[in-house]
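Novice: coords.txt is reproduced in full below (compact mmCIF, C-alpha atoms (C1' of nucleotides)).
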```txt
# COMPACT_ATOMS: atom_id res chain seq x y z
CA MET A 1 -42.88 34.51 2.12
CA VAL A 2 -41.86 37.27 -0.22
CA THR A 3 -38.17 36.52 -0.18
CA LYS A 4 -38.10 37.18 -3.89
CA ARG A 5 -36.75 40.64 -3.50
CA ALA A 6 -33.92 39.26 -1.43
CA GLN A 7 -32.86 37.47 -4.57
CA GLY A 8 -32.80 40.72 -6.46
CA LEU A 9 -36.11 40.03 -8.11
CA ALA A 10 -38.41 42.98 -8.69
CA PRO A 11 -42.16 42.39 -9.24
CA GLY A 12 -42.29 41.81 -12.98
CA GLU A 13 -38.71 40.72 -13.41
CA SER A 14 -37.65 37.43 -14.97
CA PRO A 15 -35.90 35.02 -12.65
CA PRO A 16 -32.13 34.92 -13.07
CA ARG A 17 -30.85 32.29 -15.45
CA LEU A 18 -27.60 30.85 -16.57
CA ALA A 19 -26.42 32.84 -19.55
CA GLU A 20 -27.50 31.37 -22.83
CA PRO A 21 -23.94 31.08 -24.17
CA VAL A 22 -23.21 28.91 -21.17
CA ARG A 23 -26.29 26.76 -21.52
CA ALA A 24 -25.71 26.24 -25.22
CA SER A 25 -21.98 25.74 -25.05
CA LEU A 26 -20.67 22.38 -26.11
CA GLY A 27 -18.46 22.05 -23.06
CA PHE A 28 -21.31 22.76 -20.72
CA LEU A 29 -23.66 20.34 -22.43
CA LEU A 30 -21.06 17.61 -22.55
CA SER A 31 -20.09 18.09 -18.92
CA LYS A 32 -23.66 18.08 -17.78
CA ALA A 33 -24.54 15.01 -19.79
CA ALA A 34 -21.43 13.19 -18.62
CA GLN A 35 -22.11 14.03 -15.04
CA GLN A 36 -25.71 12.91 -15.36
CA VAL A 37 -24.82 9.52 -16.77
CA THR A 38 -21.92 9.02 -14.42
CA ALA A 39 -23.92 9.99 -11.36
CA ARG A 40 -26.60 7.48 -12.27
CA PHE A 41 -24.02 4.76 -12.75
CA GLU A 42 -22.25 5.52 -9.50
CA ALA A 43 -25.54 5.45 -7.62
CA ARG A 44 -26.10 1.92 -8.86
CA LEU A 45 -22.57 0.89 -8.04
CA ALA A 46 -22.56 2.30 -4.53
CA PRO A 47 -24.37 -0.66 -2.97
CA LEU A 48 -21.57 -2.86 -4.27
CA GLY A 49 -19.00 -0.63 -2.63
CA LEU A 50 -17.68 0.43 -6.02
CA GLU A 51 -17.17 3.62 -7.99
CA ALA A 52 -17.05 4.11 -11.72
CA ARG A 53 -13.27 3.85 -11.64
CA HIS A 54 -13.42 0.41 -10.11
CA ALA A 55 -15.95 -0.67 -12.68
CA GLY A 56 -13.65 0.45 -15.46
CA LEU A 57 -10.80 -1.56 -14.01
CA LEU A 58 -12.96 -4.65 -13.76
CA MET A 59 -13.92 -4.32 -17.41
CA THR A 60 -10.37 -3.90 -18.59
CA LEU A 61 -9.20 -6.83 -16.50
CA SER A 62 -12.03 -8.95 -17.82
CA GLU A 63 -11.14 -8.22 -21.40
CA GLN A 64 -7.37 -8.04 -21.18
CA GLY A 65 -6.69 -10.61 -18.52
CA ALA A 66 -4.14 -10.03 -15.77
CA LEU A 67 -2.27 -6.73 -15.96
CA SER A 68 0.21 -4.92 -13.75
CA GLN A 69 -0.93 -1.95 -11.72
CA GLN A 70 1.38 0.17 -13.81
CA VAL A 71 -0.24 -0.78 -17.10
CA LEU A 72 -3.68 -0.56 -15.61
CA GLY A 73 -2.88 2.92 -14.39
CA THR A 74 -1.54 4.05 -17.73
CA LEU A 75 -4.60 2.82 -19.58
CA HIS A 76 -7.01 4.52 -17.26
CA ARG A 77 -4.87 7.59 -16.64
CA ILE A 78 -4.72 6.86 -12.97
CA ASP A 79 -1.67 7.68 -10.89
CA ARG A 80 0.37 4.73 -9.64
CA THR A 81 -0.13 5.63 -5.98
CA THR A 82 -3.86 6.03 -6.48
CA MET A 83 -3.82 2.69 -8.23
CA VAL A 84 -2.53 1.03 -5.07
CA MET A 85 -5.57 2.22 -3.23
CA LEU A 86 -8.02 1.18 -5.93
CA VAL A 87 -6.61 -2.32 -6.20
CA ASP A 88 -6.56 -2.51 -2.41
CA THR A 89 -10.26 -1.87 -2.42
CA LEU A 90 -10.96 -4.41 -5.14
CA GLU A 91 -8.85 -6.98 -3.33
CA ARG A 92 -10.58 -6.29 -0.04
CA LEU A 93 -13.86 -6.99 -1.83
CA ALA A 94 -12.29 -10.20 -3.14
CA LEU A 95 -12.89 -9.14 -6.72
CA VAL A 96 -9.24 -9.28 -7.78
CA GLU A 97 -6.08 -11.00 -6.66
CA ARG A 98 -2.51 -9.76 -6.64
CA GLN A 99 -0.13 -12.43 -7.84
CA ARG A 100 3.55 -11.86 -8.27
CA ASP A 101 4.44 -11.92 -11.94
CA PRO A 102 6.88 -14.82 -12.28
CA ASP A 103 8.55 -13.06 -15.21
CA ASP A 104 9.01 -9.81 -13.30
CA ARG A 105 8.80 -10.22 -9.61
CA ARG A 106 8.64 -6.49 -9.00
CA ALA A 107 5.22 -6.37 -10.56
CA TYR A 108 1.92 -7.93 -9.70
CA ARG A 109 -0.44 -9.66 -12.05
CA VAL A 110 -3.73 -8.18 -11.00
CA GLN A 111 -6.50 -10.47 -12.09
CA LEU A 112 -10.15 -11.09 -11.52
CA THR A 113 -11.24 -13.71 -9.05
CA ARG A 114 -14.26 -15.84 -9.74
CA LYS A 115 -16.30 -13.43 -7.70
CA GLY A 116 -14.73 -10.62 -9.67
CA THR A 117 -15.90 -12.19 -12.90
CA THR A 118 -19.41 -12.51 -11.59
CA THR A 119 -19.43 -8.96 -10.33
CA HIS A 120 -18.06 -7.77 -13.64
CA ALA A 121 -21.04 -9.25 -15.41
CA ARG A 122 -23.40 -7.47 -13.06
CA VAL A 123 -21.54 -4.21 -13.41
CA LEU A 124 -21.62 -4.45 -17.17
CA GLN A 125 -25.35 -4.96 -17.04
CA LEU A 126 -25.70 -1.94 -14.75
CA LEU A 127 -23.78 0.12 -17.24
CA ARG A 128 -26.03 -0.94 -20.09
CA ASP A 129 -29.10 -0.20 -18.00
CA CYS A 130 -27.89 3.25 -17.06
CA GLU A 131 -27.11 4.15 -20.61
CA ALA A 132 -30.43 2.88 -21.82
CA GLU A 133 -32.20 5.01 -19.23
CA ALA A 134 -30.13 8.05 -20.05
CA LEU A 135 -30.88 7.59 -23.73
CA GLU A 136 -34.57 7.10 -23.14
CA ARG A 137 -35.21 10.72 -23.95
CA LEU A 138 -33.87 10.29 -27.43
CA PRO A 139 -35.74 8.67 -30.29
CA ALA A 140 -34.31 5.20 -30.79
CA ALA A 141 -32.86 6.14 -34.13
CA ASP A 142 -30.79 8.94 -32.59
CA ARG A 143 -29.17 6.88 -29.89
CA GLN A 144 -26.59 5.13 -31.97
CA ARG A 145 -26.12 8.34 -33.88
CA LEU A 146 -25.15 10.23 -30.75
CA ARG A 147 -22.65 7.59 -29.78
CA GLN A 148 -21.17 7.70 -33.23
CA LEU A 149 -20.86 11.47 -33.21
CA LEU A 150 -19.17 11.38 -29.83
CA HIS A 151 -16.82 8.69 -30.98
CA GLN A 152 -15.89 10.85 -33.92
CA LEU A 153 -15.49 13.89 -31.72
CA VAL A 154 -13.02 12.31 -29.34
CA ALA A 155 -11.28 10.54 -32.22
CA LEU A 156 -10.38 7.63 -30.03
CA ASP A 157 -8.53 5.65 -32.63
CA GLU A 158 -6.13 8.46 -33.31
CA SER A 159 -3.09 9.67 -31.49
CA ASP A 160 -3.79 9.44 -27.82
CA PRO A 161 -0.29 10.27 -26.60
CA LYS A 162 -0.38 13.94 -25.76
CA GLU A 163 1.26 15.07 -22.57
CA ASP A 164 3.91 12.51 -21.80
CA ALA A 165 7.22 14.08 -22.75
CA PRO A 166 8.35 16.13 -19.78
CA MET B 1 15.53 -1.41 -24.98
CA VAL B 2 13.28 -4.42 -24.81
CA THR B 3 11.28 -3.29 -21.82
CA LYS B 4 8.18 -4.65 -23.52
CA ARG B 5 8.15 -7.80 -21.47
CA ALA B 6 8.18 -5.69 -18.34
CA GLN B 7 4.76 -4.49 -19.41
CA GLY B 8 3.54 -8.05 -19.53
CA LEU B 9 3.77 -8.19 -23.27
CA ALA B 10 4.85 -11.46 -24.83
CA PRO B 11 6.30 -11.51 -28.37
CA GLY B 12 3.18 -11.78 -30.49
CA GLU B 13 0.77 -10.35 -27.96
CA SER B 14 -1.49 -7.36 -28.60
CA PRO B 15 -0.76 -4.27 -26.53
CA PRO B 16 -3.10 -3.78 -23.59
CA ARG B 17 -6.11 -1.61 -24.30
CA LEU B 18 -8.96 -0.11 -22.43
CA ALA B 19 -11.82 -2.54 -22.48
CA GLU B 20 -14.19 -2.01 -25.35
CA PRO B 21 -17.24 -1.61 -23.09
CA VAL B 22 -15.40 1.26 -21.45
CA ARG B 23 -14.34 2.89 -24.68
CA ALA B 24 -17.81 2.61 -26.15
CA SER B 25 -19.71 3.59 -23.03
CA LEU B 26 -21.72 6.74 -23.21
CA GLY B 27 -20.38 8.02 -19.92
CA PHE B 28 -16.82 7.52 -20.99
CA LEU B 29 -17.32 9.18 -24.34
CA LEU B 30 -19.14 12.11 -22.81
CA SER B 31 -16.55 12.57 -20.10
CA LYS B 32 -13.70 12.40 -22.52
CA ALA B 33 -15.31 14.81 -24.95
CA ALA B 34 -16.19 17.21 -22.15
CA GLN B 35 -12.71 17.10 -20.75
CA GLN B 36 -11.22 17.67 -24.18
CA VAL B 37 -13.29 20.74 -24.90
CA THR B 38 -12.90 22.10 -21.40
CA ALA B 39 -9.16 21.58 -21.35
CA ARG B 40 -8.81 23.45 -24.60
CA PHE B 41 -10.89 26.31 -23.29
CA GLU B 42 -9.01 26.50 -20.02
CA ALA B 43 -5.72 26.56 -21.85
CA ARG B 44 -6.87 29.63 -23.73
CA LEU B 45 -8.17 31.26 -20.59
CA ALA B 46 -5.07 30.65 -18.50
CA PRO B 47 -3.14 33.64 -19.92
CA LEU B 48 -5.99 35.84 -18.70
CA GLY B 49 -5.71 34.37 -15.23
CA LEU B 50 -9.13 32.78 -15.58
CA GLU B 51 -10.66 29.34 -15.42
CA ALA B 52 -13.81 28.05 -17.07
CA ARG B 53 -15.78 28.81 -13.93
CA HIS B 54 -14.83 32.46 -14.05
CA ALA B 55 -15.76 32.61 -17.70
CA GLY B 56 -19.18 31.21 -16.90
CA LEU B 57 -19.72 33.85 -14.25
CA LEU B 58 -18.73 36.62 -16.63
CA MET B 59 -21.24 35.39 -19.19
CA THR B 60 -24.06 35.19 -16.70
CA LEU B 61 -23.28 38.62 -15.34
CA SER B 62 -23.12 40.02 -18.84
CA GLU B 63 -26.52 38.65 -19.72
CA GLN B 64 -28.32 39.02 -16.41
CA GLY B 65 -26.75 42.18 -15.08
CA ALA B 66 -25.73 42.55 -11.47
CA LEU B 67 -26.48 39.56 -9.26
CA SER B 68 -25.75 38.60 -5.68
CA GLN B 69 -23.09 36.02 -4.94
CA GLN B 70 -25.82 33.83 -3.58
CA VAL B 71 -27.83 33.82 -6.78
CA LEU B 72 -24.72 33.48 -8.87
CA GLY B 73 -23.72 30.48 -6.82
CA THR B 74 -27.10 28.83 -7.10
CA LEU B 75 -27.17 29.24 -10.86
CA HIS B 76 -23.74 27.76 -11.34
CA ARG B 77 -24.00 25.21 -8.55
CA ILE B 78 -21.09 26.74 -6.75
CA ASP B 79 -20.88 26.79 -2.98
CA ARG B 80 -21.25 30.19 -1.33
CA THR B 81 -17.84 30.03 0.29
CA THR B 82 -16.21 29.06 -2.97
CA MET B 83 -18.09 31.91 -4.58
CA VAL B 84 -16.33 34.36 -2.30
CA MET B 85 -13.01 33.22 -3.65
CA LEU B 86 -14.10 33.33 -7.28
CA VAL B 87 -15.50 36.83 -7.01
CA ASP B 88 -12.36 37.84 -5.12
CA THR B 89 -10.33 36.74 -8.10
CA LEU B 90 -12.54 38.52 -10.60
CA GLU B 91 -12.44 41.66 -8.51
CA ARG B 92 -8.67 41.48 -8.17
CA LEU B 93 -8.52 41.37 -11.96
CA ALA B 94 -10.82 44.37 -12.01
CA LEU B 95 -13.39 42.51 -14.07
CA VAL B 96 -16.23 42.90 -11.57
CA GLU B 97 -17.18 45.21 -8.74
CA ARG B 98 -18.93 44.48 -5.48
CA GLN B 99 -21.50 47.11 -4.67
CA ARG B 100 -23.76 46.95 -1.68
CA ASP B 101 -27.31 46.30 -2.76
CA PRO B 102 -29.26 49.34 -1.51
CA ASP B 103 -32.38 47.18 -1.20
CA ASP B 104 -30.66 44.54 0.88
CA ARG B 105 -27.51 45.72 2.46
CA ARG B 106 -26.44 42.23 3.46
CA ALA B 107 -25.92 41.35 -0.18
CA TYR B 108 -23.64 42.63 -2.88
CA ARG B 109 -24.55 43.47 -6.41
CA VAL B 110 -21.74 41.86 -8.32
CA GLN B 111 -21.45 43.48 -11.69
CA LEU B 112 -19.10 43.72 -14.62
CA THR B 113 -16.75 46.65 -14.87
CA ARG B 114 -15.96 48.17 -18.24
CA LYS B 115 -12.88 46.01 -18.38
CA GLY B 116 -15.04 43.07 -17.42
CA THR B 117 -17.31 43.72 -20.36
CA THR B 118 -14.39 43.86 -22.73
CA THR B 119 -12.91 40.69 -21.30
CA HIS B 120 -16.28 39.01 -21.53
CA ALA B 121 -16.36 39.67 -25.25
CA ARG B 122 -12.93 38.13 -25.67
CA VAL B 123 -13.83 35.16 -23.55
CA LEU B 124 -16.98 34.57 -25.53
CA GLN B 125 -14.95 34.59 -28.72
CA LEU B 126 -12.48 32.13 -27.19
CA LEU B 127 -15.35 29.85 -26.35
CA ARG B 128 -16.67 29.95 -29.89
CA ASP B 129 -13.20 29.30 -31.28
CA CYS B 130 -12.65 26.33 -29.02
CA GLU B 131 -15.95 24.80 -29.92
CA ALA B 132 -15.37 25.33 -33.59
CA GLU B 133 -12.01 23.59 -33.32
CA ALA B 134 -13.43 20.75 -31.32
CA LEU B 135 -16.19 20.30 -33.87
CA GLU B 136 -13.82 20.43 -36.80
CA ARG B 137 -13.70 16.67 -36.93
CA LEU B 138 -17.39 16.50 -37.62
CA PRO B 139 -19.01 17.20 -40.96
CA ALA B 140 -20.60 20.62 -40.80
CA ALA B 141 -24.07 19.17 -41.01
CA ASP B 142 -23.53 17.08 -37.90
CA ARG B 143 -22.36 19.86 -35.65
CA GLN B 144 -25.69 21.41 -34.88
CA ARG B 145 -27.14 17.94 -34.73
CA LEU B 146 -24.78 16.94 -31.94
CA ARG B 147 -25.63 20.02 -29.95
CA GLN B 148 -29.28 19.34 -30.38
CA LEU B 149 -28.98 15.74 -29.28
CA LEU B 150 -27.04 16.75 -26.20
CA HIS B 151 -29.59 19.40 -25.40
CA GLN B 152 -32.28 16.78 -25.59
CA LEU B 153 -30.25 14.38 -23.48
CA VAL B 154 -29.77 16.73 -20.58
CA ALA B 155 -33.31 18.05 -20.94
CA LEU B 156 -32.29 21.48 -19.79
CA ASP B 157 -35.70 23.03 -19.96
CA GLU B 158 -37.21 20.46 -17.67
CA SER B 159 -37.18 20.07 -13.94
CA ASP B 160 -33.76 21.03 -12.76
CA PRO B 161 -34.56 21.01 -9.05
CA LYS B 162 -33.38 17.63 -7.87
CA GLU B 163 -31.45 17.47 -4.62
CA ASP B 164 -32.46 20.50 -2.66
CA ALA B 165 -34.86 19.28 0.02
CA PRO B 166 -32.69 18.35 2.97
C1' DT C 1 -43.31 47.37 17.38
C1' DC C 2 -40.26 44.03 19.36
C1' DG C 3 -37.80 39.98 19.20
C1' DA C 4 -36.87 35.52 17.06
C1' DA C 5 -35.48 33.35 13.00
C1' DA C 6 -33.56 33.47 8.59
C1' DT C 7 -30.23 35.21 5.07
C1' DC C 8 -25.78 37.29 2.87
C1' DG C 9 -21.11 37.36 2.84
C1' DT C 10 -16.90 36.04 5.28
C1' DC C 11 -13.35 33.39 7.55
C1' DA C 12 -10.98 29.78 10.07
C1' DG C 13 -10.74 25.12 10.51
C1' DT C 14 -11.67 20.38 8.63
C1' DG C 15 -11.86 16.50 5.61
C1' DT C 16 -10.94 14.49 1.38
C1' DT C 17 -8.23 13.60 -2.52
C1' DA C 18 -4.62 13.02 -5.42
C1' DC C 19 0.01 13.65 -5.75
C1' DT C 20 5.48 14.25 -4.51
C1' DG C 21 9.36 12.03 -2.82
C1' DA C 22 11.65 8.51 -0.64
C1' DT C 23 12.07 3.35 0.04
C1' DT C 24 12.48 -1.56 -1.00
C1' DA C 25 12.80 -5.12 -4.14
C1' DT C 26 13.77 -6.50 -8.59
C1' DC C 27 15.34 -6.23 -13.35
C1' DA C 28 18.37 -4.82 -17.53
C1' DG C 29 22.73 -3.74 -19.50
C1' DT C 30 27.80 -3.14 -19.20
C1' DA D 1 29.29 -7.39 -9.97
C1' DC D 2 27.82 -2.70 -10.54
C1' DT D 3 24.94 1.09 -12.33
C1' DG D 4 20.77 2.76 -13.50
C1' DA D 5 15.91 2.05 -14.31
C1' DT D 6 11.30 0.21 -12.93
C1' DA D 7 7.12 -1.87 -9.87
C1' DA D 8 4.79 -1.25 -5.87
C1' DT D 9 4.38 1.02 -1.53
C1' DC D 10 4.09 4.48 2.16
C1' DA D 11 4.35 8.88 4.61
C1' DG D 12 3.92 13.51 4.12
C1' DT D 13 2.04 17.44 1.42
C1' DA D 14 -0.69 20.43 -1.41
C1' DA D 15 -5.04 21.72 -3.26
C1' DC D 16 -9.73 21.93 -2.81
C1' DA D 17 -14.22 22.47 -1.52
C1' DC D 18 -16.85 22.32 2.29
C1' DT D 19 -18.65 22.74 7.61
C1' DG D 20 -19.66 25.65 11.18
C1' DA D 21 -19.51 29.96 13.42
C1' DC D 22 -19.72 34.92 13.05
C1' DG D 23 -21.43 39.92 12.26
C1' DA D 24 -24.57 42.55 9.76
C1' DT D 25 -28.98 42.92 8.08
C1' DT D 26 -33.62 41.60 6.84
C1' DT D 27 -38.11 39.24 7.51
C1' DC D 28 -41.85 37.43 10.04
C1' DG D 29 -44.75 36.28 13.98
C1' DA D 30 -46.84 37.84 18.01
```
Kindly present the structure from the file in structure tokens form.
Specialist:
Amino acid sequence: MVTKRAQGLAPGESPPRLAEPVRASLGFLLSKAAQQVTARFEARLAPLGLEARHAGLLMTLSEQGALSQQVLGTLHRIDRTTMVMLVDTLERLALVERQRDPDDRRAYRVQLTRKGTTTHARVLQLLRDCEAEALERLPAADRQRLRQLLHQLVALDESDPKEDAP
Amino acid sequence: MVTKRAQGLAPGESPPRLAEPVRASLGFLLSKAAQQVTARFEARLAPLGLEARHAGLLMTLSEQGALSQQVLGTLHRIDRTTMVMLVDTLERLALVERQRDPDDRRAYRVQLTRKGTTTHARVLQLLRDCEAEALERLPAADRQRLRQLLHQLVALDESDPKEDAP
DNA sequence: TCGAAATCGTCAGTGTTACTGATTATCAGT
DNA sequence: ACTGATAATCAGTAACACTGACGATTTCGA
């Protein structure tokens, strides 16, 4: 099997590589790292019938209590129509309930069920596990450092509102 | 305009937030950072009629010389059929040329044109600018540190081959 | 050397996904 | 009460990458 030449590879030539500027670029590294961590998390979630998005919703609901689909969507930057589908899924899994908001009967109060609370705990643990595994490669001292640098980079606490004045 | 209540917000209540475990999660931070940097880059590329993917191809072609669409696709994890479209675009912009490979006339040798080389230089500069801006928030000393940590995290030099044994 | 099997690029069709726009019910302000 | 805005929903659409089939060419086994 000398298919090498078919790949444009002459005898002593080096195998083709991604360009160094690509490999070293911040965007590339961040994307790759993000995708790695996310993929691992989603793999763990799959048996529960959940994706990362669902997990995020569970966590926000757990911390913030009942919220409308609208608010939930705004927080997570998820479209309202997509939100319908996501909450449908969570409801079908009996993790959340839709209750009419007595103060605004157009809206629902989406809230965790008991099962949802339990699942949330498991999901949170999965998240911690995944991160721990992903960070395994780093010396313990660097782990918190990386998180801190990232936090600084995205400047979460600052002005989030960007594109919302059309 | 006291629409506040419509968002489920009682008088003294705190505004709804993303759950802290989400905001602090490595995956979330990485995704957000990646998207931030990438969005900035793509905004700069748009006037040239390019996306980040195209830029990556230009850089690899610049460094590696002419490559087949197949190889190019494998390197960048881009499907062969999608590759057709991307190279079409680059060719339409006169940044690359398709030449039949004399050693394997099934394949093309995709290579930069003169204009492609010039554009590549501009694109590379754009990339550097974007990264510099993104990293502005970090003390100079931390910038290289972050890159190094990310590099370690994704373990680029190690076994890349994962899912390719179907 | 011949023929089967694999590979490169291409294209048409498919499946998925998120969104646009319209709809119903409800709320706020005049 | 009437007008305009908002919450959730649904049907249709647009964008997208992919599946599968194809012609041209190469490689390998016999």
Novice: Find the residues of chain C in contact range of chain A, meaning any atom within 12 Å when counting only C-alpha atoms (C1' of nucleotides), and list them as a ChimeraX atom specification.
Specialist: /C:6-8,17-21,24-28
Novice: Please identify all residues of chain B having at least one atom at most 6 Å from any atom of chain A, considering all atoms listed in the file, and return them as number ranges by chain.
Specialist: B: 18-19, 27, 30-31, 33-34, 37-38, 59-60, 63, 75, 154
Novice: Go ahead and save the picked residues with C-alpha atoms, as a compact mmCIF listing (two decimals), in the frame of the given file.
Specialist:
```txt
# COMPACT_ATOMS: atom_id res chain seq x y z
CA LEU B 18 -8.96 -0.11 -22.43
CA ALA B 19 -11.82 -2.54 -22.48
CA GLY B 27 -20.38 8.02 -19.92
CA LEU B 30 -19.14 12.11 -22.81
CA SER B 31 -16.55 12.57 -20.10
CA ALA B 33 -15.31 14.81 -24.95
CA ALA B 34 -16.19 17.21 -22.15
CA VAL B 37 -13.29 20.74 -24.90
CA THR B 38 -12.90 22.10 -21.40
CA MET B 59 -21.24 35.39 -19.19
CA THR B 60 -24.06 35.19 -16.70
CA GLU B 63 -26.52 38.65 -19.72
CA LEU B 75 -27.17 29.24 -10.86
CA VAL B 154 -29.77 16.73 -20.58
```
Novice: Find the distance between atom CA of Ala141 of chain A and atom CA of Gln125 of chain A and write it in Å to one decimal.
Specialist: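 According to the coordinates, atom CA of Ala141 of chain A and atom CA of Gln125 of chain A are separated by 21.7 Å.
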Novice: How close does chain D get to chain B? List, as JSON lines, each residue of chain D within 12 Å, its nearest atom pair and the distance in Å to one decimal, counting all atoms listed in the file.
Specialist:
```
{"residue": "D:DA5", "atom": "C1'", "partner": "B:Thr3", "partner_atom": "CA", "distance": 10.3}
{"residue": "D:DT6", "atom": "C1'", "partner": "B:Ala6", "partner_atom": "CA", "distance": 8.6}
{"residue": "D:DA7", "atom": "C1'", "partner": "B:Ala6", "partner_atom": "CA", "distance": 9.4}
{"residue": "D:DC16", "atom": "C1'", "partner": "B:Thr82", "partner_atom": "CA", "distance": 9.6}
{"residue": "D:DA17", "atom": "C1'", "partner": "B:Thr82", "partner_atom": "CA", "distance": 7.0}
{"residue": "D:DC18", "atom": "C1'", "partner": "B:Asp79", "partner_atom": "CA", "distance": 8.0}
{"residue": "D:DT19", "atom": "C1'", "partner": "B:Thr81", "partner_atom": "CA", "distance": 10.4}
{"residue": "D:DG20", "atom": "C1'", "partner": "B:Thr81", "partner_atom": "CA", "distance": 11.9}
{"residue": "D:DG23", "atom": "C1'", "partner": "B:Arg106", "partner_atom": "CA", "distance": 10.4}
{"residue": "D:DA24", "atom": "C1'", "partner": "B:Arg106", "partner_atom": "CA", "distance": 6.6}
{"residue": "D:DT25", "atom": "C1'", "partner": "B:Arg106", "partner_atom": "CA", "distance": 5.3}
{"residue": "D:DT26", "atom": "C1'", "partner": "B:Asp104", "partner_atom": "CA", "distance": 7.3}
{"residue": "D:DT27", "atom": "C1'", "partner": "B:Asp104", "partner_atom": "CA", "distance": 11.3}
```
Novice: So what do you get for atom CA of Leu45 of chain B versus atom C1' of DT13 of chain D, distance-wise?
Specialist: 27.9 Å
Novice: Considering only C-alpha atoms (C1' of nucleotides), can you say which of C:DG3, C:DG15, C:DG9, C:DG29 comes closest to DC22 of chain D?
Specialist: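 Comparing C:DG3, C:DG15, C:DG9, C:DG29 against DC22 of chain D, the winner is C:DG9.
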Novice: Enter the distance from atom CA of Met85 of chain A to atom CA of Glu42 of chain B, in Å, rounded to one decimal.
Specialist: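 Computed distance, atom CA of Met85 of chain A to atom CA of Glu42 of chain B, equals 29.7 Å.
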Novice: Box along x, y and z, 6 Å on every side, all listed atoms of segment 7-25 of chain C inside: centre and edge lengths in Å to one decimal, as AutoDock Vina command-line options.
Specialist:
```
--center_x -8.7 --center_y 16.1 --center_z 2.4 --size_x 55.0 --size_y 54.5 --size_z 28.3
```
Novice: Which is closest to DC2 of chain C among D:DA30, D:DA1, D:DA21, D:DA8, if we use only C-alpha atoms (C1' of nucleotides)?
Specialist: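 When distances to DC2 of chain C are compared using only C-alpha atoms (C1' of nucleotides), the smallest one comes from D:DA30.
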Novice: How would segment 108-122 of chain A read, as a PDB file, in the coordinates of the input, once N, CA and C atoms are built in?
Specialist:
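Below is the file out_37.pdb, written as the result:
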```
ATOM      1  N   TYR A 108       3.013  -6.998  -9.952  1.00  0.00           N
ATOM      2  CA  TYR A 108       1.920  -7.930  -9.700  1.00  0.00           C
ATOM      3  C   TYR A 108       1.221  -8.246 -11.012  1.00  0.00           C
ATOM      4  N   ARG A 109       0.566  -9.396 -11.019  1.00  0.00           N
ATOM      5  CA  ARG A 109      -0.440  -9.660 -12.050  1.00  0.00           C
ATOM      6  C   ARG A 109      -1.772  -9.500 -11.330  1.00  0.00           C
ATOM      7  N   VAL A 110      -2.432  -8.405 -11.615  1.00  0.00           N
ATOM      8  CA  VAL A 110      -3.730  -8.180 -11.000  1.00  0.00           C
ATOM      9  C   VAL A 110      -4.757  -8.881 -11.860  1.00  0.00           C
ATOM     10  N   GLN A 111      -5.512  -9.776 -11.271  1.00  0.00           N
ATOM     11  CA  GLN A 111      -6.500 -10.470 -12.090  1.00  0.00           C
ATOM     12  C   GLN A 111      -7.786 -10.728 -11.341  1.00  0.00           C
ATOM     13  N   LEU A 112      -8.833 -10.866 -12.091  1.00  0.00           N
ATOM     14  CA  LEU A 112     -10.150 -11.090 -11.520  1.00  0.00           C
ATOM     15  C   LEU A 112     -10.207 -12.437 -10.808  1.00  0.00           C
ATOM     16  N   THR A 113     -10.899 -12.449  -9.690  1.00  0.00           N
ATOM     17  CA  THR A 113     -11.240 -13.710  -9.050  1.00  0.00           C
ATOM     18  C   THR A 113     -12.529 -14.216  -9.693  1.00  0.00           C
ATOM     19  N   ARG A 114     -12.978 -15.358  -9.237  1.00  0.00           N
ATOM     20  CA  ARG A 114     -14.260 -15.840  -9.740  1.00  0.00           C
ATOM     21  C   ARG A 114     -15.359 -14.849  -9.393  1.00  0.00           C
ATOM     22  N   LYS A 115     -15.324 -14.418  -8.134  1.00  0.00           N
ATOM     23  CA  LYS A 115     -16.300 -13.430  -7.700  1.00  0.00           C
ATOM     24  C   LYS A 115     -16.189 -12.148  -8.529  1.00  0.00           C
ATOM     25  N   GLY A 116     -14.954 -11.810  -8.851  1.00  0.00           N
ATOM     26  CA  GLY A 116     -14.730 -10.620  -9.670  1.00  0.00           C
ATOM     27  C   GLY A 116     -15.384 -10.759 -11.035  1.00  0.00           C
ATOM     28  N   THR A 117     -15.299 -11.943 -11.591  1.00  0.00           N
ATOM     29  CA  THR A 117     -15.900 -12.190 -12.900  1.00  0.00           C
ATOM     30  C   THR A 117     -17.418 -12.050 -12.834  1.00  0.00           C
ATOM     31  N   THR A 118     -17.964 -12.619 -11.791  1.00  0.00           N
ATOM     32  CA  THR A 118     -19.410 -12.510 -11.590  1.00  0.00           C
ATOM     33  C   THR A 118     -19.828 -11.058 -11.443  1.00  0.00           C
ATOM     34  N   THR A 119     -19.107 -10.367 -10.572  1.00  0.00           N
ATOM     35  CA  THR A 119     -19.430  -8.960 -10.330  1.00  0.00           C
ATOM     36  C   THR A 119     -19.277  -8.154 -11.616  1.00  0.00           C
ATOM     37  N   HIS A 120     -18.250  -8.468 -12.381  1.00  0.00           N
ATOM     38  CA  HIS A 120     -18.060  -7.770 -13.640  1.00  0.00           C
ATOM     39  C   HIS A 120     -19.288  -7.868 -14.532  1.00  0.00           C
ATOM     40  N   ALA A 121     -19.845  -9.055 -14.574  1.00  0.00           N
ATOM     41  CA  ALA A 121     -21.040  -9.250 -15.410  1.00  0.00           C
ATOM     42  C   ALA A 121     -22.180  -8.361 -14.925  1.00  0.00           C
ATOM     43  N   ARG A 122     -22.339  -8.312 -13.605  1.00  0.00           N
ATOM     44  CA  ARG A 122     -23.400  -7.470 -13.060  1.00  0.00           C
ATOM     45  C   ARG A 122     -23.155  -5.997 -13.350  1.00  0.00           C
TER      46      ARG A 122
END
```
